[in-house]
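Text of work_28.txt, listed as compact mmCIF, N, CA and C atoms:
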```txt
# COMPACT_ATOMS: atom_id res chain seq x y z
N MET M 24 -14.56 18.65 67.06
CA MET M 24 -15.94 19.06 66.86
C MET M 24 -16.75 18.68 68.10
N SER M 25 -17.81 19.39 68.37
CA SER M 25 -18.64 19.14 69.54
C SER M 25 -19.58 17.97 69.31
N ASP M 26 -20.40 17.68 70.31
CA ASP M 26 -21.41 16.64 70.20
C ASP M 26 -22.48 17.02 69.19
N ARG M 27 -22.57 18.28 68.85
CA ARG M 27 -23.61 18.78 67.97
C ARG M 27 -23.03 18.91 66.57
N ASP M 28 -23.24 17.88 65.72
CA ASP M 28 -22.67 17.84 64.38
C ASP M 28 -22.99 19.11 63.62
N ASP M 29 -22.00 19.61 62.88
CA ASP M 29 -22.14 20.77 62.00
C ASP M 29 -22.50 22.05 62.74
N VAL M 30 -22.33 22.08 64.04
CA VAL M 30 -22.58 23.29 64.82
C VAL M 30 -21.28 23.61 65.53
N THR M 31 -20.94 24.87 65.61
CA THR M 31 -19.67 25.28 66.21
C THR M 31 -19.48 24.69 67.60
N ASP M 32 -18.23 24.37 67.91
CA ASP M 32 -17.92 23.94 69.27
C ASP M 32 -17.43 25.11 70.10
N GLY M 33 -17.52 26.30 69.53
CA GLY M 33 -17.12 27.49 70.25
C GLY M 33 -15.67 27.86 70.04
N ALA M 34 -14.85 26.95 69.50
CA ALA M 34 -13.43 27.23 69.31
C ALA M 34 -13.25 28.22 68.17
N GLY M 35 -12.99 29.47 68.50
CA GLY M 35 -12.77 30.50 67.49
C GLY M 35 -14.04 31.02 66.86
N ASP M 36 -15.17 30.53 67.25
CA ASP M 36 -16.45 30.96 66.68
C ASP M 36 -17.34 31.50 67.80
N ALA M 37 -18.62 31.57 67.49
CA ALA M 37 -19.58 32.01 68.50
C ALA M 37 -19.57 31.03 69.66
N PRO M 38 -19.76 31.51 70.87
CA PRO M 38 -19.77 30.61 72.03
C PRO M 38 -21.00 29.70 72.00
N LEU M 39 -20.89 28.60 72.71
CA LEU M 39 -22.02 27.68 72.86
C LEU M 39 -22.95 28.24 73.93
N LEU M 40 -24.23 28.00 73.76
CA LEU M 40 -25.23 28.43 74.74
C LEU M 40 -25.69 27.25 75.57
N PHE M 41 -25.88 27.49 76.85
CA PHE M 41 -26.39 26.48 77.77
C PHE M 41 -27.41 27.13 78.69
N ILE M 42 -28.44 26.38 79.02
CA ILE M 42 -29.42 26.80 80.01
C ILE M 42 -29.29 25.84 81.19
N SER M 43 -29.19 26.39 82.37
CA SER M 43 -29.11 25.58 83.58
C SER M 43 -30.38 25.78 84.39
N LEU M 44 -31.08 24.68 84.65
CA LEU M 44 -32.24 24.67 85.54
C LEU M 44 -31.74 24.12 86.87
N MET M 45 -31.87 24.90 87.93
CA MET M 45 -31.26 24.51 89.20
C MET M 45 -32.28 24.37 90.33
N LYS M 46 -32.09 23.32 91.11
CA LYS M 46 -32.86 23.11 92.33
C LYS M 46 -31.92 23.27 93.51
N LEU M 47 -32.35 24.02 94.49
CA LEU M 47 -31.56 24.13 95.71
C LEU M 47 -31.52 22.79 96.43
N THR M 48 -30.38 22.43 96.95
CA THR M 48 -30.24 21.23 97.78
C THR M 48 -30.55 21.63 99.23
N ALA M 49 -30.56 20.65 100.11
CA ALA M 49 -30.75 20.95 101.54
C ALA M 49 -29.67 21.90 102.03
N LYS M 50 -28.44 21.70 101.56
CA LYS M 50 -27.34 22.59 101.95
C LYS M 50 -27.60 24.00 101.41
N GLY M 51 -28.06 24.10 100.17
CA GLY M 51 -28.35 25.41 99.58
C GLY M 51 -29.45 26.14 100.33
N LEU M 52 -30.48 25.41 100.75
CA LEU M 52 -31.57 26.02 101.52
C LEU M 52 -31.08 26.46 102.90
N ALA M 53 -30.25 25.64 103.53
CA ALA M 53 -29.74 25.97 104.86
C ALA M 53 -28.85 27.21 104.82
N GLU M 54 -28.18 27.41 103.69
CA GLU M 54 -27.27 28.55 103.55
C GLU M 54 -27.84 29.59 102.58
N LEU M 55 -29.16 29.72 102.55
CA LEU M 55 -29.85 30.61 101.62
C LEU M 55 -29.40 32.07 101.70
N PRO M 56 -29.16 32.63 102.88
CA PRO M 56 -28.73 34.04 102.92
C PRO M 56 -27.44 34.32 102.15
N ASP M 57 -26.61 33.29 101.94
CA ASP M 57 -25.35 33.44 101.22
C ASP M 57 -25.51 33.29 99.71
N SER M 58 -26.74 33.08 99.25
CA SER M 58 -27.00 32.82 97.83
C SER M 58 -26.47 33.91 96.90
N PRO M 59 -26.65 35.21 97.20
CA PRO M 59 -26.11 36.23 96.29
C PRO M 59 -24.59 36.18 96.13
N SER M 60 -23.86 35.90 97.20
CA SER M 60 -22.40 35.83 97.06
C SER M 60 -21.99 34.56 96.31
N ARG M 61 -22.74 33.47 96.46
CA ARG M 61 -22.45 32.26 95.69
C ARG M 61 -22.68 32.51 94.20
N ARG M 62 -23.71 33.27 93.86
CA ARG M 62 -23.97 33.59 92.45
C ARG M 62 -22.82 34.40 91.87
N ARG M 63 -22.30 35.36 92.64
CA ARG M 63 -21.16 36.14 92.16
C ARG M 63 -19.93 35.27 91.96
N ARG M 64 -19.69 34.33 92.88
CA ARG M 64 -18.56 33.40 92.72
C ARG M 64 -18.77 32.52 91.48
N SER M 65 -19.99 32.10 91.27
CA SER M 65 -20.32 31.29 90.09
C SER M 65 -20.00 32.05 88.81
N GLU M 66 -20.40 33.31 88.75
CA GLU M 66 -20.14 34.10 87.55
C GLU M 66 -18.63 34.32 87.34
N ALA M 67 -17.89 34.45 88.42
CA ALA M 67 -16.43 34.58 88.31
C ALA M 67 -15.81 33.28 87.79
N ARG M 68 -16.31 32.14 88.25
CA ARG M 68 -15.82 30.86 87.75
C ARG M 68 -16.08 30.70 86.25
N VAL M 69 -17.27 31.10 85.84
CA VAL M 69 -17.64 31.02 84.43
C VAL M 69 -16.69 31.89 83.61
N ALA M 70 -16.45 33.11 84.06
CA ALA M 70 -15.55 34.03 83.35
C ALA M 70 -14.13 33.47 83.29
N ALA M 71 -13.68 32.84 84.36
CA ALA M 71 -12.33 32.26 84.38
C ALA M 71 -12.18 31.13 83.36
N LEU M 72 -13.29 30.52 82.97
CA LEU M 72 -13.28 29.46 81.97
C LEU M 72 -13.52 29.99 80.56
N GLY M 73 -13.59 31.32 80.43
CA GLY M 73 -13.79 31.93 79.12
C GLY M 73 -15.24 32.11 78.73
N GLY M 74 -16.15 31.92 79.68
CA GLY M 74 -17.58 32.07 79.39
C GLY M 74 -18.16 33.30 80.04
N ARG M 75 -19.48 33.38 79.95
CA ARG M 75 -20.16 34.46 80.65
C ARG M 75 -21.58 34.04 81.00
N SER M 76 -22.06 34.59 82.11
CA SER M 76 -23.44 34.39 82.51
C SER M 76 -24.27 35.45 81.80
N VAL M 77 -25.17 35.01 80.94
CA VAL M 77 -25.99 35.93 80.15
C VAL M 77 -27.17 36.44 80.96
N ALA M 78 -27.79 35.55 81.74
CA ALA M 78 -28.97 35.91 82.52
C ALA M 78 -29.12 34.95 83.69
N PHE M 79 -29.73 35.44 84.76
CA PHE M 79 -29.99 34.63 85.94
C PHE M 79 -31.36 35.02 86.48
N TYR M 80 -32.18 34.02 86.76
CA TYR M 80 -33.53 34.28 87.27
C TYR M 80 -33.84 33.34 88.43
N ALA M 81 -34.48 33.87 89.47
CA ALA M 81 -35.09 33.04 90.51
C ALA M 81 -36.50 32.74 90.00
N THR M 82 -36.93 31.49 90.12
CA THR M 82 -38.20 31.10 89.51
C THR M 82 -39.11 30.38 90.50
N LEU M 83 -40.39 30.40 90.19
CA LEU M 83 -41.38 29.60 90.90
C LEU M 83 -41.55 28.30 90.12
N GLY M 84 -41.94 27.25 90.79
CA GLY M 84 -42.15 25.97 90.11
C GLY M 84 -41.12 24.95 90.54
N PRO M 85 -40.90 23.93 89.71
CA PRO M 85 -40.03 22.84 90.12
C PRO M 85 -38.55 23.22 90.22
N TYR M 86 -38.14 24.30 89.57
CA TYR M 86 -36.75 24.75 89.64
C TYR M 86 -36.68 26.08 90.35
N ASP M 87 -35.63 26.26 91.15
CA ASP M 87 -35.47 27.49 91.93
C ASP M 87 -34.80 28.61 91.14
N PHE M 88 -33.92 28.23 90.20
CA PHE M 88 -33.18 29.22 89.42
C PHE M 88 -33.04 28.74 87.97
N VAL M 89 -32.94 29.71 87.08
CA VAL M 89 -32.61 29.45 85.68
C VAL M 89 -31.46 30.38 85.34
N GLN M 90 -30.43 29.83 84.73
CA GLN M 90 -29.28 30.64 84.33
C GLN M 90 -28.93 30.30 82.89
N VAL M 91 -28.61 31.32 82.11
CA VAL M 91 -28.20 31.15 80.72
C VAL M 91 -26.72 31.49 80.64
N PHE M 92 -25.96 30.60 80.01
CA PHE M 92 -24.52 30.75 79.88
C PHE M 92 -24.10 30.78 78.43
N GLU M 93 -23.02 31.48 78.16
CA GLU M 93 -22.23 31.31 76.94
C GLU M 93 -20.91 30.72 77.40
N MET M 94 -20.52 29.61 76.78
CA MET M 94 -19.25 28.97 77.14
C MET M 94 -18.47 28.67 75.87
N PRO M 95 -17.14 28.65 75.95
CA PRO M 95 -16.33 28.43 74.76
C PRO M 95 -16.36 26.99 74.25
N SER M 96 -16.72 26.03 75.13
CA SER M 96 -16.69 24.62 74.72
C SER M 96 -17.54 23.79 75.67
N ASN M 97 -17.86 22.59 75.23
CA ASN M 97 -18.54 21.63 76.11
C ASN M 97 -17.67 21.29 77.31
N GLU M 98 -16.36 21.20 77.08
CA GLU M 98 -15.44 20.86 78.16
C GLU M 98 -15.44 21.93 79.25
N ALA M 99 -15.46 23.19 78.85
CA ALA M 99 -15.51 24.28 79.84
C ALA M 99 -16.80 24.20 80.65
N MET M 100 -17.91 23.90 79.98
CA MET M 100 -19.18 23.80 80.69
C MET M 100 -19.16 22.62 81.66
N MET M 101 -18.60 21.50 81.23
CA MET M 101 -18.51 20.33 82.10
C MET M 101 -17.67 20.64 83.34
N GLN M 102 -16.55 21.33 83.16
CA GLN M 102 -15.70 21.69 84.30
C GLN M 102 -16.48 22.57 85.27
N TYR M 103 -17.21 23.55 84.73
CA TYR M 103 -18.00 24.43 85.59
C TYR M 103 -19.07 23.64 86.36
N VAL M 104 -19.79 22.79 85.65
CA VAL M 104 -20.88 22.04 86.28
C VAL M 104 -20.36 21.11 87.37
N LEU M 105 -19.28 20.41 87.10
CA LEU M 105 -18.74 19.51 88.12
C LEU M 105 -18.29 20.28 89.36
N THR M 106 -17.70 21.45 89.16
CA THR M 106 -17.30 22.27 90.30
C THR M 106 -18.51 22.74 91.08
N ALA M 107 -19.55 23.18 90.38
CA ALA M 107 -20.77 23.64 91.05
C ALA M 107 -21.44 22.50 91.82
N ARG M 108 -21.48 21.33 91.21
CA ARG M 108 -22.10 20.18 91.90
C ARG M 108 -21.30 19.79 93.13
N ARG M 109 -19.98 19.86 93.03
CA ARG M 109 -19.13 19.53 94.17
C ARG M 109 -19.41 20.46 95.35
N ASP M 110 -19.72 21.72 95.06
CA ASP M 110 -20.04 22.67 96.13
C ASP M 110 -21.29 22.26 96.90
N GLY M 111 -22.24 21.62 96.21
CA GLY M 111 -23.40 21.03 96.88
C GLY M 111 -24.57 21.95 97.18
N HIS M 112 -24.62 23.15 96.63
CA HIS M 112 -25.73 24.06 96.92
C HIS M 112 -26.90 23.91 95.96
N VAL M 113 -26.62 23.49 94.73
CA VAL M 113 -27.68 23.29 93.73
C VAL M 113 -27.45 21.99 92.99
N GLU M 114 -28.53 21.47 92.46
CA GLU M 114 -28.48 20.32 91.56
C GLU M 114 -28.93 20.83 90.20
N PRO M 115 -27.98 20.98 89.26
CA PRO M 115 -28.32 21.58 87.97
C PRO M 115 -28.73 20.55 86.92
N LEU M 116 -29.60 20.97 86.04
CA LEU M 116 -29.92 20.25 84.82
C LEU M 116 -29.45 21.15 83.68
N ILE M 117 -28.48 20.69 82.90
CA ILE M 117 -27.86 21.53 81.87
C ILE M 117 -28.44 21.17 80.51
N LEU M 118 -28.89 22.19 79.80
CA LEU M 118 -29.47 22.01 78.47
C LEU M 118 -28.66 22.78 77.45
N PRO M 119 -28.06 22.12 76.45
CA PRO M 119 -27.46 22.88 75.35
C PRO M 119 -28.59 23.62 74.64
N ALA M 120 -28.33 24.84 74.20
CA ALA M 120 -29.38 25.65 73.58
C ALA M 120 -28.89 26.24 72.27
N PHE M 121 -29.83 26.54 71.39
CA PHE M 121 -29.54 27.15 70.10
C PHE M 121 -30.30 28.46 70.00
N ASP M 122 -29.62 29.52 69.60
CA ASP M 122 -30.34 30.78 69.37
C ASP M 122 -31.12 30.66 68.07
N THR M 123 -31.88 31.69 67.73
CA THR M 123 -32.72 31.66 66.54
C THR M 123 -31.91 31.42 65.27
N ALA M 124 -30.77 32.07 65.14
CA ALA M 124 -29.94 31.91 63.94
C ALA M 124 -29.39 30.49 63.84
N GLY M 125 -28.92 29.94 64.94
CA GLY M 125 -28.39 28.58 64.94
C GLY M 125 -29.46 27.55 64.62
N TYR M 126 -30.63 27.72 65.21
CA TYR M 126 -31.74 26.81 64.94
C TYR M 126 -32.18 26.93 63.48
N GLY M 127 -32.22 28.16 62.97
CA GLY M 127 -32.59 28.38 61.57
C GLY M 127 -31.62 27.70 60.62
N ALA M 128 -30.32 27.74 60.93
CA ALA M 128 -29.32 27.08 60.09
C ALA M 128 -29.52 25.57 60.08
N ILE M 129 -29.89 25.01 61.22
CA ILE M 129 -30.17 23.57 61.29
C ILE M 129 -31.37 23.24 60.40
N LEU M 130 -32.42 24.03 60.50
CA LEU M 130 -33.61 23.80 59.68
C LEU M 130 -33.30 23.89 58.19
N GLU M 131 -32.44 24.85 57.82
CA GLU M 131 -32.04 24.97 56.41
C GLU M 131 -31.30 23.72 55.94
N ARG M 132 -30.41 23.19 56.77
CA ARG M 132 -29.68 21.97 56.39
C ARG M 132 -30.62 20.80 56.25
N ILE M 133 -31.63 20.71 57.10
CA ILE M 133 -32.61 19.64 56.99
C ILE M 133 -33.39 19.77 55.67
N ALA M 134 -33.80 20.98 55.35
CA ALA M 134 -34.54 21.21 54.11
C ALA M 134 -33.70 20.87 52.88
N GLN M 135 -32.41 21.19 52.93
CA GLN M 135 -31.52 20.92 51.80
C GLN M 135 -31.25 19.42 51.65
N ALA M 136 -31.34 18.67 52.74
CA ALA M 136 -31.07 17.24 52.70
C ALA M 136 -32.26 16.45 52.13
N GLU M 137 -33.40 17.07 52.06
CA GLU M 137 -34.60 16.36 51.57
C GLU M 137 -34.66 16.30 50.07
```

Step by step, read the file and then write its structure as structure tokens.
Amino acid sequence: MSDRDDVTDGAGDAPLLFISLMKLTAKGLAELPDSPSRRRRSEARVAALGGRSVAFYATLGPYDFVQVFEMPSNEAMMQYVLTARRDGHVEPLILPAFDTAGYGAILERIAQAE
């Protein structure tokens, strides 16, 4: 079971959702023109781990990029994140996320426990 009690770990069920908030590092800024090809490599790595990149946005504010992932497990996400960090172009903040249905199911369990 995953860290999220009573919520699928992605094994044989719906994939887990993750949001990555990314800041470019000095290396990432220095190699900015190569950013589109790095994003394509990133998406290929995610796919090789059984996941998929749902959305990718360049943003204004404290983070340079936001990416939404579906991954089969926490372990797959950890492997992806460690590989991305080792590359040194971005510093990611990874947030497990729940879609509306998943969040609604949690709320129902809370209501039933009262």

- Item | Non-local contacts of region 33-47 of chain M (8 Å; only N, CA and C atoms; under 3 positions in same chain excluded) as a VMD selection string | chain M and resid 24 to 25 30 50 to 53 74 85 to 97 111 to 122

Prev. selection, N, CA and C atoms, output as a short mmCIF file (atom, residue, chain, number, x, y, z; two decimals), in the coordinates of the input:
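The resulting selection_9.cif:
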```
data_model
loop_
_atom_site.label_atom_id
_atom_site.label_comp_id
_atom_site.auth_asym_id
_atom_site.auth_seq_id
_atom_site.Cartn_x
_atom_site.Cartn_y
_atom_site.Cartn_z
N MET M 24 -14.56 18.65 67.06
CA MET M 24 -15.94 19.06 66.86
C MET M 24 -16.75 18.68 68.10
N SER M 25 -17.81 19.39 68.37
CA SER M 25 -18.64 19.14 69.54
C SER M 25 -19.58 17.97 69.31
N VAL M 30 -22.33 22.08 64.04
CA VAL M 30 -22.58 23.29 64.82
C VAL M 30 -21.28 23.61 65.53
N LYS M 50 -28.44 21.70 101.56
CA LYS M 50 -27.34 22.59 101.95
C LYS M 50 -27.60 24.00 101.41
N GLY M 51 -28.06 24.10 100.17
CA GLY M 51 -28.35 25.41 99.58
C GLY M 51 -29.45 26.14 100.33
N LEU M 52 -30.48 25.41 100.75
CA LEU M 52 -31.57 26.02 101.52
C LEU M 52 -31.08 26.46 102.90
N ALA M 53 -30.25 25.64 103.53
CA ALA M 53 -29.74 25.97 104.86
C ALA M 53 -28.85 27.21 104.82
N GLY M 74 -16.15 31.92 79.68
CA GLY M 74 -17.58 32.07 79.39
C GLY M 74 -18.16 33.30 80.04
N PRO M 85 -40.90 23.93 89.71
CA PRO M 85 -40.03 22.84 90.12
C PRO M 85 -38.55 23.22 90.22
N TYR M 86 -38.14 24.30 89.57
CA TYR M 86 -36.75 24.75 89.64
C TYR M 86 -36.68 26.08 90.35
N ASP M 87 -35.63 26.26 91.15
CA ASP M 87 -35.47 27.49 91.93
C ASP M 87 -34.80 28.61 91.14
N PHE M 88 -33.92 28.23 90.20
CA PHE M 88 -33.18 29.22 89.42
C PHE M 88 -33.04 28.74 87.97
N VAL M 89 -32.94 29.71 87.08
CA VAL M 89 -32.61 29.45 85.68
C VAL M 89 -31.46 30.38 85.34
N GLN M 90 -30.43 29.83 84.73
CA GLN M 90 -29.28 30.64 84.33
C GLN M 90 -28.93 30.30 82.89
N VAL M 91 -28.61 31.32 82.11
CA VAL M 91 -28.20 31.15 80.72
C VAL M 91 -26.72 31.49 80.64
N PHE M 92 -25.96 30.60 80.01
CA PHE M 92 -24.52 30.75 79.88
C PHE M 92 -24.10 30.78 78.43
N GLU M 93 -23.02 31.48 78.16
CA GLU M 93 -22.23 31.31 76.94
C GLU M 93 -20.91 30.72 77.40
N MET M 94 -20.52 29.61 76.78
CA MET M 94 -19.25 28.97 77.14
C MET M 94 -18.47 28.67 75.87
N PRO M 95 -17.14 28.65 75.95
CA PRO M 95 -16.33 28.43 74.76
C PRO M 95 -16.36 26.99 74.25
N SER M 96 -16.72 26.03 75.13
CA SER M 96 -16.69 24.62 74.72
C SER M 96 -17.54 23.79 75.67
N ASN M 97 -17.86 22.59 75.23
CA ASN M 97 -18.54 21.63 76.11
C ASN M 97 -17.67 21.29 77.31
N GLY M 111 -22.24 21.62 96.21
CA GLY M 111 -23.40 21.03 96.88
C GLY M 111 -24.57 21.95 97.18
N HIS M 112 -24.62 23.15 96.63
CA HIS M 112 -25.73 24.06 96.92
C HIS M 112 -26.90 23.91 95.96
N VAL M 113 -26.62 23.49 94.73
CA VAL M 113 -27.68 23.29 93.73
C VAL M 113 -27.45 21.99 92.99
N GLU M 114 -28.53 21.47 92.46
CA GLU M 114 -28.48 20.32 91.56
C GLU M 114 -28.93 20.83 90.20
N PRO M 115 -27.98 20.98 89.26
CA PRO M 115 -28.32 21.58 87.97
C PRO M 115 -28.73 20.55 86.92
N LEU M 116 -29.60 20.97 86.04
CA LEU M 116 -29.92 20.25 84.82
C LEU M 116 -29.45 21.15 83.68
N ILE M 117 -28.48 20.69 82.90
CA ILE M 117 -27.86 21.53 81.87
C ILE M 117 -28.44 21.17 80.51
N LEU M 118 -28.89 22.19 79.80
CA LEU M 118 -29.47 22.01 78.47
C LEU M 118 -28.66 22.78 77.45
N PRO M 119 -28.06 22.12 76.45
CA PRO M 119 -27.46 22.88 75.35
C PRO M 119 -28.59 23.62 74.64
N ALA M 120 -28.33 24.84 74.20
CA ALA M 120 -29.38 25.65 73.58
C ALA M 120 -28.89 26.24 72.27
N PHE M 121 -29.83 26.54 71.39
CA PHE M 121 -29.54 27.15 70.10
C PHE M 121 -30.30 28.46 70.00
N ASP M 122 -29.62 29.52 69.60
CA ASP M 122 -30.34 30.78 69.37
C ASP M 122 -31.12 30.66 68.07
#
```

- One-decimal distance in Å that lies between CA of Leu130 (chain M) and CA of Val104 (chain M): 29.5 Å

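Between atom C of Ala71 (chain M) and atom N of Thr48 (chain M) the interatomic distance comes to 24.3 Å.
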
- Message: What parts of region 34-128 of chain M does DSSP call strand (DSSP E or B)? I'd like the answer as a count of residues only.
- Response: 31

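Straight-line separation from atom C of Ala67 (chain M) to CA of Tyr103 (chain M): 9.4 Å.
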
Could you put an axis-aligned box around every listed atom of region 117-124 of chain M, padded by 6 Å on each side, and send me its centre and edge lengths in Å to one decimal, as AutoDock Vina command-line options?
```
--center_x -30.1 --center_y 26.4 --center_z 73.4 --size_x 17.3 --size_y 23.4 --size_z 31.1
```
